[in-house]
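Novice: Here it is: the structure, laid out below.
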Protein chains: 4
Amino acid sequence: MPKLTTNSYGKSGVRLTKVVRNGKTHTLHEYEVSVIITGNFAAAYTDGDNRQCIATDSIKNTVYVVAKENAFDTAEAFGILLANHFPNLYKQVKSCTVEITEAKWDRIKVGGKPHVHSFVNGGSELHTARVSVAKKGKPPVIFGGVTNLLVLKTTNSAWKDFWTDRYRTLKDADDRIFATSVTAEWEFDGGKVDFAKATEKIRTTLLETFATHVSLGVQQTMQAMGEAALAAEPAIKNIRFRLPNKHRIPFNLDPFGLKFEKDIFAWTDEPYGDISAFIER
Amino acid sequence: MPKLTTNSYGKSGVRLTKVVRNGKTHTLHEYEVSVIITGNFAAAYTDGDNRQCIATDSIKNTVYVVAKENAFDTAEAFGILLANHFPNLYKQVKSCTVEITEAKWDRIKVGGKPHVHSFVNGGSELHTARVSVAKKGKPPVIFGGVTNLLVLKTTNSAWKDFWTDRYRTLKDADDRIFATSVTAEWEFDGGKVDFAKATEKIRTTLLETFATHVSLGVQQTMQAMGEAALAAEPAIKNIRFRLPNKHRIPFNLDPFGLKFEKDIFAWTDEPYGDISAFIER
Amino acid sequence: MPKLTTNSYGKSGVRLTKVVRNGKTHTLHEYEVSVIITGNFAAAYTDGDNRQCIATDSIKNTVYVVAKENAFDTAEAFGILLANHFPNLYKQVKSCTVEITEAKWDRIKVGGKPHVHSFVNGGSELHTARVSVAKKGKPPVIFGGVTNLLVLKTTNSAWKDFWTDRYRTLKDADDRIFATSVTAEWEFDGGKVDFAKATEKIRTTLLETFATHVSLGVQQTMQAMGEAALAAEPAIKNIRFRLPNKHRIPFNLDPFGLKFEKDIFAWTDEPYGDISAFIER
Amino acid sequence: MPKLTTNSYGKSGVRLTKVVRNGKTHTLHEYEVSVIITGNFAAAYTDGDNRQCIATDSIKNTVYVVAKENAFDTAEAFGILLANHFPNLYKQVKSCTVEITEAKWDRIKVGGKPHVHSFVNGGSELHTARVSVAKKGKPPVIFGGVTNLLVLKTTNSAWKDFWTDRYRTLKDADDRIFATSVTAEWEFDGGKVDFAKATEKIRTTLLETFATHVSLGVQQTMQAMGEAALAAEPAIKNIRFRLPNKHRIPFNLDPFGLKFEKDIFAWTDEPYGDISAFIER
């Protein structure tokens, strides 16, 4: 007889906007939230007995109610509230994982000054937060992160001296364009931390390291970015990266009697080098 | 000092078309391939020493060369070839994971008969294959699957008798629309198997079970689909599902003096119920 | 002083599901609808005077109410109902254009027979309908169409003898893969017509012509498809195409000591040849 | 006999990166280009006679060669070069339209100062340029624009006093969130102009007007944005908008015994109000 080994469910794509009004100055919290729970739900699968199931619609309602009834200033803080809510309230819930993505809304500058209630999208990047509570009363495991942070440098990037065999056709490159879409996720160590400040410090460190590193490869720059982030923010234990190599390919100008001078490239989305690492203290 | 705990890299988004010409009848293999390897590559991260690194460009070349030099009839078979290739050839490679997605190309019918060399996209669904070799000489772990298989039934689907508390606003539904985008992945048991036949058998079983099951919830139908797939295809050990609930929401006709008769709905992509299970023999 | 020369507004992305229950056999109409109106609305722009404006939310409501109160069997028929509704009901509305896209839902086959109430997505293609009423009482202009209909043929396609100059690097191809995503739109002549039959006849004709045409170029095949559609369906006056060339590029096997035998290709989305025509009786 | 009434073709999705190196300071031009031509090409459609056709692959090559051989500092300037190139060089080409989209790459700030060669994506918005040459020797028609510029304001936006009838369910709103994705396109008057400065001035004007306008509706704010842009930049003749209303819907807190205080909203992509205007001097 087949057996149901593991199961989980929840609501994803829950889109919350919370406006906090402090006099004329408004703060915007806009998240896309996913809440996944595990627990005593096997009967719904095996017998269609839904009595222990909190409907995913109720989970959606909870996201908005928790947002209403609590103050929070970051996606991480909101994630902690939500990830505790379910195991705390329901005896049939064992674990809860909350994942949040947050677009970058910058204040519009009017006459050079940030506006009090108007915002513009400030980058394709998304801030991410992920919080898991394994069991009622256990401390949450908290991750912050960034995804789709597009960066590009036009020099100080090489890729050479790699393995040569029958399958190699790529030449050594002393000076190439390096473009990537940074996905990084870091784990907080559980102590007190100002999440907003930490996110800003890590983001700035990642960007500055990317900009200034003299790169011998995506791998080496990734390591440098990870080491710099761990050095800059003591409240994180580790950092994980995925850096797809968004290739800018030298356009072959030979047939036209012209010379490539590191100036004319074709940009492509695929295929792409797909490079990952996990760096810990 | 931070340490590099794990790392991996490879090439993703490699898009291969292979045409096999058997007289006038052509067969089309069109895949999007990802190859990720682990091994002795830490020096590239920590020292920019790339000498052990096979360039991701070489990995891309390998996909095409292996496709040229070998006969295969399924994504699973091609995945096995590729996943063995890297640990077998390179002493510095430890493990290799190949992931493949394949669009559904059906033969165009001309005068009712399948054409010998012309094809039309036969559904938004993708066939998936995933093959991992943990170490040179180890047998591959082989998964088949399907993703984005959109299905909808207009009746024989209920959702009721679930948990009631402050957060519930959804009423019991005796008869609702059930729509989902099936993602399923099954693990082959390592014996001899005709992958194409197995895929077809499982796909048909999933569709027929979805169509005919009298559903008390996504969870119960998922379990029924899993049990039916395991019963239909002895060569698989387990099956894993993710079924997002693509809600069709009854449109409130009251303000217009009209009555909802299970006829008029709004369809939405988000938020969505997000339901998973892993079912084993 | 700047002047408001033209303006229009409406609601887009209105997602309607209508289920028609004929005993145990259910029919599914699932559309994404856009309704755009013009008329006497300038005051809303110039003075913030909204008194003549039908809210876009009311337009959305109307889509569902019209769907409830009327029988229709095609997107074209529903478009005609909606496009007449607004100029007929509101003196301030001059023109109305309705655009509808419809996914392909096929009945799931159970034991080889189409199921009465369960459906599976039958292709990435969308059926399109577009209906415009220029003024109350004027007959509607009605277009049917298809978009994102992906087709591919592995032979009987050449591209050669084209212009040669400094900018040409492409060689003549006697036998290449031809893949495209068909967008076609045809205008009905205003007489009585069974839209569903016409759509099916034109779609079949487009596919069969694509499959069997011995092609000297996308342009020539497009013309052949247009002529065949006009010949097959007397109720249409003209047809318009856009056929992006979804290139399958021969993979250069020379560096690996292998020979390209029209077998190994890379597929790409961009850049793409972008070819259009408008063909009339 | 069916006749080919109009036809056009070209290459789309041509992705160009040009790096201009001014000592250590590098400037990045990264465009996605579409080139569409009309002319004496009917024989390719009707007879498969391709002798007058410039291959779309040659058009792609031309984009890169023109980029190499010419200096330009904006997408508009590059568009003018390309749109003239084809009618000037080929007697069989009549008209040429070039469309360009350009992502926003900002310099990464290192220690607060813009870096000389490293960039980060600065918003989901795209700058657009469109240049048409109707015939060899005719002056080009030049459009600049912006698309996908996401903005949101949390107050100073009303929508009330609109038409009331059976189809209305929306209440008057004195104070709502107004979010949109701005698409605007403006036509230059053909005189000398610094395109970069004009784009920046118009973009700033659009943002500032959106931020500070006390809005009685999307329509009124659109008009105000258009008038402000025309006032700010004398080199443009007209401006065209499409502002989809990206709704933030008050979440109904009543069932939970809570009160909506303009604080908790659900954000949605569809359905959306879809509002357009064309404003001229």
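A note on labels: chains of the structure tokens are A, B, ... as shown, every chain counts residues from 1, and ligands are counted from 1 in their shown order.
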For chain A, report every residue with an atom at most 6 Å from chain B (counting only C-alpha atoms), formatted as a PDB file with N, CA, C and O atoms, in the first residue's frame.
Specialist:
```
ATOM      1  N   PRO A   2       0.573   2.204  -0.897  1.00  0.00           N
ATOM      2  CA  PRO A   2       1.322   3.463  -0.888  1.00  0.00           C
ATOM      3  C   PRO A   2       1.078   4.211   0.411  1.00  0.00           C
ATOM      4  O   PRO A   2      -0.013   4.157   0.964  1.00  0.00           O
ATOM      5  N   LYS A   3       2.109   4.897   0.890  1.00  0.00           N
ATOM      6  CA  LYS A   3       1.896   5.704   2.097  1.00  0.00           C
ATOM      7  C   LYS A   3       2.287   7.164   1.832  1.00  0.00           C
ATOM      8  O   LYS A   3       3.192   7.465   1.070  1.00  0.00           O
ATOM      9  N   LEU A   4       1.565   8.036   2.526  1.00  0.00           N
ATOM     10  CA  LEU A   4       1.816   9.473   2.460  1.00  0.00           C
ATOM     11  C   LEU A   4       2.961   9.774   3.416  1.00  0.00           C
ATOM     12  O   LEU A   4       2.781   9.764   4.633  1.00  0.00           O
ATOM     13  N   THR A   5       4.153  10.018   2.888  1.00  0.00           N
ATOM     14  CA  THR A   5       5.328  10.166   3.748  1.00  0.00           C
ATOM     15  C   THR A   5       5.429  11.561   4.337  1.00  0.00           C
ATOM     16  O   THR A   5       5.665  11.718   5.528  1.00  0.00           O
ATOM     17  N   THR A   6       5.304  12.561   3.497  1.00  0.00           N
ATOM     18  CA  THR A   6       5.293  13.929   4.018  1.00  0.00           C
ATOM     19  C   THR A   6       4.220  14.714   3.278  1.00  0.00           C
ATOM     20  O   THR A   6       3.828  14.369   2.161  1.00  0.00           O
ATOM     21  N   ASN A   7       3.753  15.760   3.921  1.00  0.00           N
ATOM     22  CA  ASN A   7       2.799  16.650   3.264  1.00  0.00           C
ATOM     23  C   ASN A   7       2.897  18.037   3.874  1.00  0.00           C
ATOM     24  O   ASN A   7       3.363  18.204   5.006  1.00  0.00           O
ATOM     25  N   SER A   8       2.502  19.004   3.127  1.00  0.00           N
ATOM     26  CA  SER A   8       2.491  20.379   3.619  1.00  0.00           C
ATOM     27  C   SER A   8       1.531  21.168   2.751  1.00  0.00           C
ATOM     28  O   SER A   8       1.211  20.753   1.630  1.00  0.00           O
ATOM     29  N   TYR A   9       1.051  22.276   3.262  1.00  0.00           N
ATOM     30  CA  TYR A   9       0.200  23.113   2.435  1.00  0.00           C
ATOM     31  C   TYR A   9       0.167  24.519   3.019  1.00  0.00           C
ATOM     32  O   TYR A   9       0.655  24.757   4.127  1.00  0.00           O
ATOM     33  N   GLY A  10      -0.418  25.409   2.256  1.00  0.00           N
ATOM     34  CA  GLY A  10      -0.525  26.781   2.733  1.00  0.00           C
ATOM     35  C   GLY A  10      -1.042  27.681   1.629  1.00  0.00           C
ATOM     36  O   GLY A  10      -1.689  27.216   0.688  1.00  0.00           O
ATOM     37  N   LYS A  11      -0.755  28.959   1.756  1.00  0.00           N
ATOM     38  CA  LYS A  11      -1.207  29.928   0.756  1.00  0.00           C
ATOM     39  C   LYS A  11       0.001  30.686   0.242  1.00  0.00           C
ATOM     40  O   LYS A  11       0.813  31.174   1.044  1.00  0.00           O
ATOM     41  N   SER A  12       0.114  30.801  -1.048  1.00  0.00           N
ATOM     42  CA  SER A  12       1.195  31.567  -1.658  1.00  0.00           C
ATOM     43  C   SER A  12       0.601  32.704  -2.482  1.00  0.00           C
ATOM     44  O   SER A  12      -0.593  32.713  -2.779  1.00  0.00           O
ATOM     45  N   GLY A  13       1.441  33.647  -2.835  1.00  0.00           N
ATOM     46  CA  GLY A  13       0.977  34.760  -3.653  1.00  0.00           C
ATOM     47  C   GLY A  13       0.030  35.682  -2.904  1.00  0.00           C
ATOM     48  O   GLY A  13      -0.823  36.331  -3.523  1.00  0.00           O
ATOM     49  N   VAL A  14       0.153  35.753  -1.593  1.00  0.00           N
ATOM     50  CA  VAL A  14      -0.689  36.681  -0.819  1.00  0.00           C
ATOM     51  C   VAL A  14      -0.036  38.059  -0.868  1.00  0.00           C
ATOM     52  O   VAL A  14       1.104  38.224  -0.437  1.00  0.00           O
ATOM     53  N   ALA A  44      -6.814  14.508   5.685  1.00  0.00           N
ATOM     54  CA  ALA A  44      -7.363  15.220   4.521  1.00  0.00           C
ATOM     55  C   ALA A  44      -6.921  14.550   3.228  1.00  0.00           C
ATOM     56  O   ALA A  44      -7.669  14.504   2.246  1.00  0.00           O
ATOM     57  N   TYR A  45      -5.693  14.034   3.229  1.00  0.00           N
ATOM     58  CA  TYR A  45      -5.161  13.364   2.041  1.00  0.00           C
ATOM     59  C   TYR A  45      -5.768  11.963   1.896  1.00  0.00           C
ATOM     60  O   TYR A  45      -6.209  11.576   0.826  1.00  0.00           O
ATOM     61  N   GLY A  48     -10.092  12.398   2.938  1.00  0.00           N
ATOM     62  CA  GLY A  48     -10.938  13.560   2.649  1.00  0.00           C
ATOM     63  C   GLY A  48     -11.544  14.143   3.918  1.00  0.00           C
ATOM     64  O   GLY A  48     -12.576  14.811   3.868  1.00  0.00           O
ATOM     65  N   ASN A  50     -11.351  16.851   6.370  1.00  0.00           N
ATOM     66  CA  ASN A  50     -10.707  18.169   6.404  1.00  0.00           C
ATOM     67  C   ASN A  50     -10.831  18.869   7.754  1.00  0.00           C
ATOM     68  O   ASN A  50     -10.494  20.046   7.870  1.00  0.00           O
ATOM     69  N   ARG A  51     -11.304  18.161   8.776  1.00  0.00           N
ATOM     70  CA  ARG A  51     -11.670  18.849  10.015  1.00  0.00           C
ATOM     71  C   ARG A  51     -10.484  19.551  10.697  1.00  0.00           C
ATOM     72  O   ARG A  51     -10.671  20.550  11.377  1.00  0.00           O
ATOM     73  N   GLN A  52      -9.285  19.028  10.503  1.00  0.00           N
ATOM     74  CA  GLN A  52      -8.116  19.676  11.111  1.00  0.00           C
ATOM     75  C   GLN A  52      -7.520  20.762  10.211  1.00  0.00           C
ATOM     76  O   GLN A  52      -6.631  21.491  10.633  1.00  0.00           O
ATOM     77  N   CYS A  53      -7.993  20.825   8.980  1.00  0.00           N
ATOM     78  CA  CYS A  53      -7.380  21.748   8.016  1.00  0.00           C
ATOM     79  C   CYS A  53      -7.852  23.180   8.222  1.00  0.00           C
ATOM     80  O   CYS A  53      -9.058  23.458   8.158  1.00  0.00           O
ATOM     81  N   ILE A  54      -6.902  24.071   8.406  1.00  0.00           N
ATOM     82  CA  ILE A  54      -7.202  25.495   8.300  1.00  0.00           C
ATOM     83  C   ILE A  54      -7.214  25.797   6.799  1.00  0.00           C
ATOM     84  O   ILE A  54      -6.226  25.537   6.099  1.00  0.00           O
ATOM     85  N   THR A  56      -6.845  27.339   3.187  1.00  0.00           N
ATOM     86  CA  THR A  56      -5.829  28.281   2.700  1.00  0.00           C
ATOM     87  C   THR A  56      -6.420  29.688   2.623  1.00  0.00           C
ATOM     88  O   THR A  56      -5.706  30.667   2.770  1.00  0.00           O
ATOM     89  N   SER A  58      -8.404  30.916   4.873  1.00  0.00           N
ATOM     90  CA  SER A  58      -8.251  31.436   6.237  1.00  0.00           C
ATOM     91  C   SER A  58      -6.801  31.863   6.483  1.00  0.00           C
ATOM     92  O   SER A  58      -6.539  32.857   7.178  1.00  0.00           O
ATOM     93  N   ASP A 161      42.945  30.413 -17.879  1.00  0.00           N
ATOM     94  CA  ASP A 161      43.726  29.336 -17.263  1.00  0.00           C
ATOM     95  C   ASP A 161      42.853  28.196 -16.757  1.00  0.00           C
ATOM     96  O   ASP A 161      43.248  27.459 -15.845  1.00  0.00           O
ATOM     97  N   PHE A 162      41.674  28.034 -17.368  1.00  0.00           N
ATOM     98  CA  PHE A 162      40.796  26.936 -16.957  1.00  0.00           C
ATOM     99  C   PHE A 162      41.125  25.690 -17.772  1.00  0.00           C
ATOM    100  O   PHE A 162      42.011  25.704 -18.627  1.00  0.00           O
ATOM    101  N   TRP A 163      40.443  24.635 -17.469  1.00  0.00           N
ATOM    102  CA  TRP A 163      40.725  23.299 -18.020  1.00  0.00           C
ATOM    103  C   TRP A 163      40.633  23.274 -19.552  1.00  0.00           C
ATOM    104  O   TRP A 163      39.666  23.756 -20.127  1.00  0.00           O
ATOM    105  N   TYR A 167      36.595  19.565 -25.301  1.00  0.00           N
ATOM    106  CA  TYR A 167      35.310  20.267 -25.234  1.00  0.00           C
ATOM    107  C   TYR A 167      35.464  21.773 -25.093  1.00  0.00           C
ATOM    108  O   TYR A 167      34.493  22.505 -25.098  1.00  0.00           O
ATOM    109  N   ARG A 168      36.698  22.218 -24.941  1.00  0.00           N
ATOM    110  CA  ARG A 168      36.922  23.660 -24.780  1.00  0.00           C
ATOM    111  C   ARG A 168      37.037  24.360 -26.128  1.00  0.00           C
ATOM    112  O   ARG A 168      37.854  23.975 -26.956  1.00  0.00           O
ATOM    113  N   LEU A 216      39.003  37.190 -10.979  1.00  0.00           N
ATOM    114  CA  LEU A 216      39.557  36.113 -11.805  1.00  0.00           C
ATOM    115  C   LEU A 216      38.480  35.103 -12.189  1.00  0.00           C
ATOM    116  O   LEU A 216      38.778  34.089 -12.811  1.00  0.00           O
ATOM    117  N   GLN A 219      33.396  32.724  -9.505  1.00  0.00           N
ATOM    118  CA  GLN A 219      33.577  32.007  -8.249  1.00  0.00           C
ATOM    119  C   GLN A 219      34.360  32.847  -7.243  1.00  0.00           C
ATOM    120  O   GLN A 219      33.984  32.942  -6.067  1.00  0.00           O
ATOM    121  N   GLN A 220      35.461  33.452  -7.714  1.00  0.00           N
ATOM    122  CA  GLN A 220      36.299  34.200  -6.790  1.00  0.00           C
ATOM    123  C   GLN A 220      35.589  35.457  -6.274  1.00  0.00           C
ATOM    124  O   GLN A 220      35.692  35.805  -5.093  1.00  0.00           O
ATOM    125  N   GLN A 223      33.058  34.525  -3.631  1.00  0.00           N
ATOM    126  CA  GLN A 223      33.716  34.290  -2.334  1.00  0.00           C
ATOM    127  C   GLN A 223      34.061  35.630  -1.660  1.00  0.00           C
ATOM    128  O   GLN A 223      33.812  35.814  -0.462  1.00  0.00           O
ATOM    129  N   GLU A 270      20.336  33.212 -22.119  1.00  0.00           N
ATOM    130  CA  GLU A 270      20.676  31.802 -21.998  1.00  0.00           C
ATOM    131  C   GLU A 270      21.490  31.364 -23.198  1.00  0.00           C
ATOM    132  O   GLU A 270      21.359  31.979 -24.254  1.00  0.00           O
ATOM    133  N   PRO A 271      22.285  30.310 -23.067  1.00  0.00           N
ATOM    134  CA  PRO A 271      22.560  29.584 -21.831  1.00  0.00           C
ATOM    135  C   PRO A 271      23.378  30.450 -20.875  1.00  0.00           C
ATOM    136  O   PRO A 271      23.991  31.419 -21.310  1.00  0.00           O
ATOM    137  N   TYR A 272      23.376  30.084 -19.615  1.00  0.00           N
ATOM    138  CA  TYR A 272      24.101  30.884 -18.651  1.00  0.00           C
ATOM    139  C   TYR A 272      24.878  30.011 -17.667  1.00  0.00           C
ATOM    140  O   TYR A 272      24.400  28.970 -17.240  1.00  0.00           O
ATOM    141  N   GLY A 273      26.089  30.473 -17.356  1.00  0.00           N
ATOM    142  CA  GLY A 273      26.849  29.862 -16.273  1.00  0.00           C
ATOM    143  C   GLY A 273      26.069  30.022 -14.993  1.00  0.00           C
ATOM    144  O   GLY A 273      25.449  31.062 -14.766  1.00  0.00           O
ATOM    145  N   ASP A 274      26.087  28.998 -14.150  1.00  0.00           N
ATOM    146  CA  ASP A 274      25.150  28.927 -13.016  1.00  0.00           C
ATOM    147  C   ASP A 274      25.975  28.512 -11.801  1.00  0.00           C
ATOM    148  O   ASP A 274      26.243  27.334 -11.592  1.00  0.00           O
ATOM    149  N   ILE A 275      26.373  29.505 -10.994  1.00  0.00           N
ATOM    150  CA  ILE A 275      27.431  29.293 -10.012  1.00  0.00           C
ATOM    151  C   ILE A 275      26.918  29.586  -8.604  1.00  0.00           C
ATOM    152  O   ILE A 275      26.297  30.616  -8.371  1.00  0.00           O
ATOM    153  N   SER A 276      27.179  28.656  -7.684  1.00  0.00           N
ATOM    154  CA  SER A 276      26.628  28.734  -6.329  1.00  0.00           C
ATOM    155  C   SER A 276      27.712  28.476  -5.295  1.00  0.00           C
ATOM    156  O   SER A 276      28.709  27.808  -5.559  1.00  0.00           O
ATOM    157  N   ALA A 277      27.459  29.008  -4.101  1.00  0.00           N
ATOM    158  CA  ALA A 277      28.350  28.694  -2.972  1.00  0.00           C
ATOM    159  C   ALA A 277      27.619  28.970  -1.679  1.00  0.00           C
ATOM    160  O   ALA A 277      26.659  29.739  -1.632  1.00  0.00           O
ATOM    161  N   PHE A 278      28.126  28.334  -0.628  1.00  0.00           N
ATOM    162  CA  PHE A 278      27.608  28.538   0.724  1.00  0.00           C
ATOM    163  C   PHE A 278      28.811  28.818   1.613  1.00  0.00           C
ATOM    164  O   PHE A 278      29.722  27.988   1.711  1.00  0.00           O
ATOM    165  N   ILE A 279      28.830  29.987   2.202  1.00  0.00           N
ATOM    166  CA  ILE A 279      30.004  30.433   2.960  1.00  0.00           C
ATOM    167  C   ILE A 279      29.583  30.689   4.402  1.00  0.00           C
ATOM    168  O   ILE A 279      28.607  31.393   4.660  1.00  0.00           O
ATOM    169  N   GLU A 280      30.330  30.095   5.309  1.00  0.00           N
ATOM    170  CA  GLU A 280      29.998  30.218   6.743  1.00  0.00           C
ATOM    171  C   GLU A 280      31.157  30.837   7.503  1.00  0.00           C
ATOM    172  O   GLU A 280      32.306  30.772   7.081  1.00  0.00           O
ATOM    173  N   ARG A 281      30.805  31.414   8.642  1.00  0.00           N
ATOM    174  CA  ARG A 281      31.866  31.840   9.568  1.00  0.00           C
ATOM    175  C   ARG A 281      32.673  30.655  10.023  1.00  0.00           C
ATOM    176  O   ARG A 281      32.112  29.610  10.326  1.00  0.00           O
TER     177      ARG A 281
END
```
Novice: Name the residues of region 135-209 of chain A that fall into helix (DSSP H, G or I) according to DSSP on the backbone, using the chain letters and numbers of this document, as a PyMOL selection string.
Specialist: chain A and resi 195-209
Novice: Skip region 23-29 of chain B itself and residues of its chain fewer than 5 positions away, then list as a list in words all residues within 9 Å of it, counting only C-alpha atoms.
Specialist: Leu16, Thr17, Lys18, Asp73, Thr74, Ala75, Glu102, Trp105, His115, Val116, His117, Ser118 and Phe119 of chain B; Thr154 and Thr155 of chain C
Novice: Any idea what's packed within 12 Å of Glu261 (chain A), counting only C-alpha atoms, ignoring anything in its chain fewer than 6 positions away? Could you give it as JSON, numbers by chain?
Specialist: {"A": [175, 176, 250, 251, 252, 253, 254], "D": [18, 19, 20, 21, 68, 69]}
Novice: Could you state the separation of CA of Leu149 (chain D) and CA of Thr183 (chain D) in Å, given to one decimal place?
Specialist: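 Taking CA of Leu149 (chain D) as the start and CA of Thr183 (chain D) as the end point, the length is 6.9 Å.
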Novice: In Å to one decimal, how far is CA of Val66 (chain D) from CA of Ile177 (chain A)?
Specialist: 20.8 Å
Novice: To one decimal place, how far is CA of Ala103 (chain C) from CA of Pro87 (chain C) in Å?
Specialist: 28.2 Å
Novice: Residues at most 10 Å from region 141-145 of chain A, counting only C-alpha atoms, excluding those fewer than 5 positions away in the same chain, as number ranges by chain?
Specialist: A: 75-77, 79-80, 83, 97-101, 126-134, 182-190, 195-196, 198-199, 202-203, 236-241
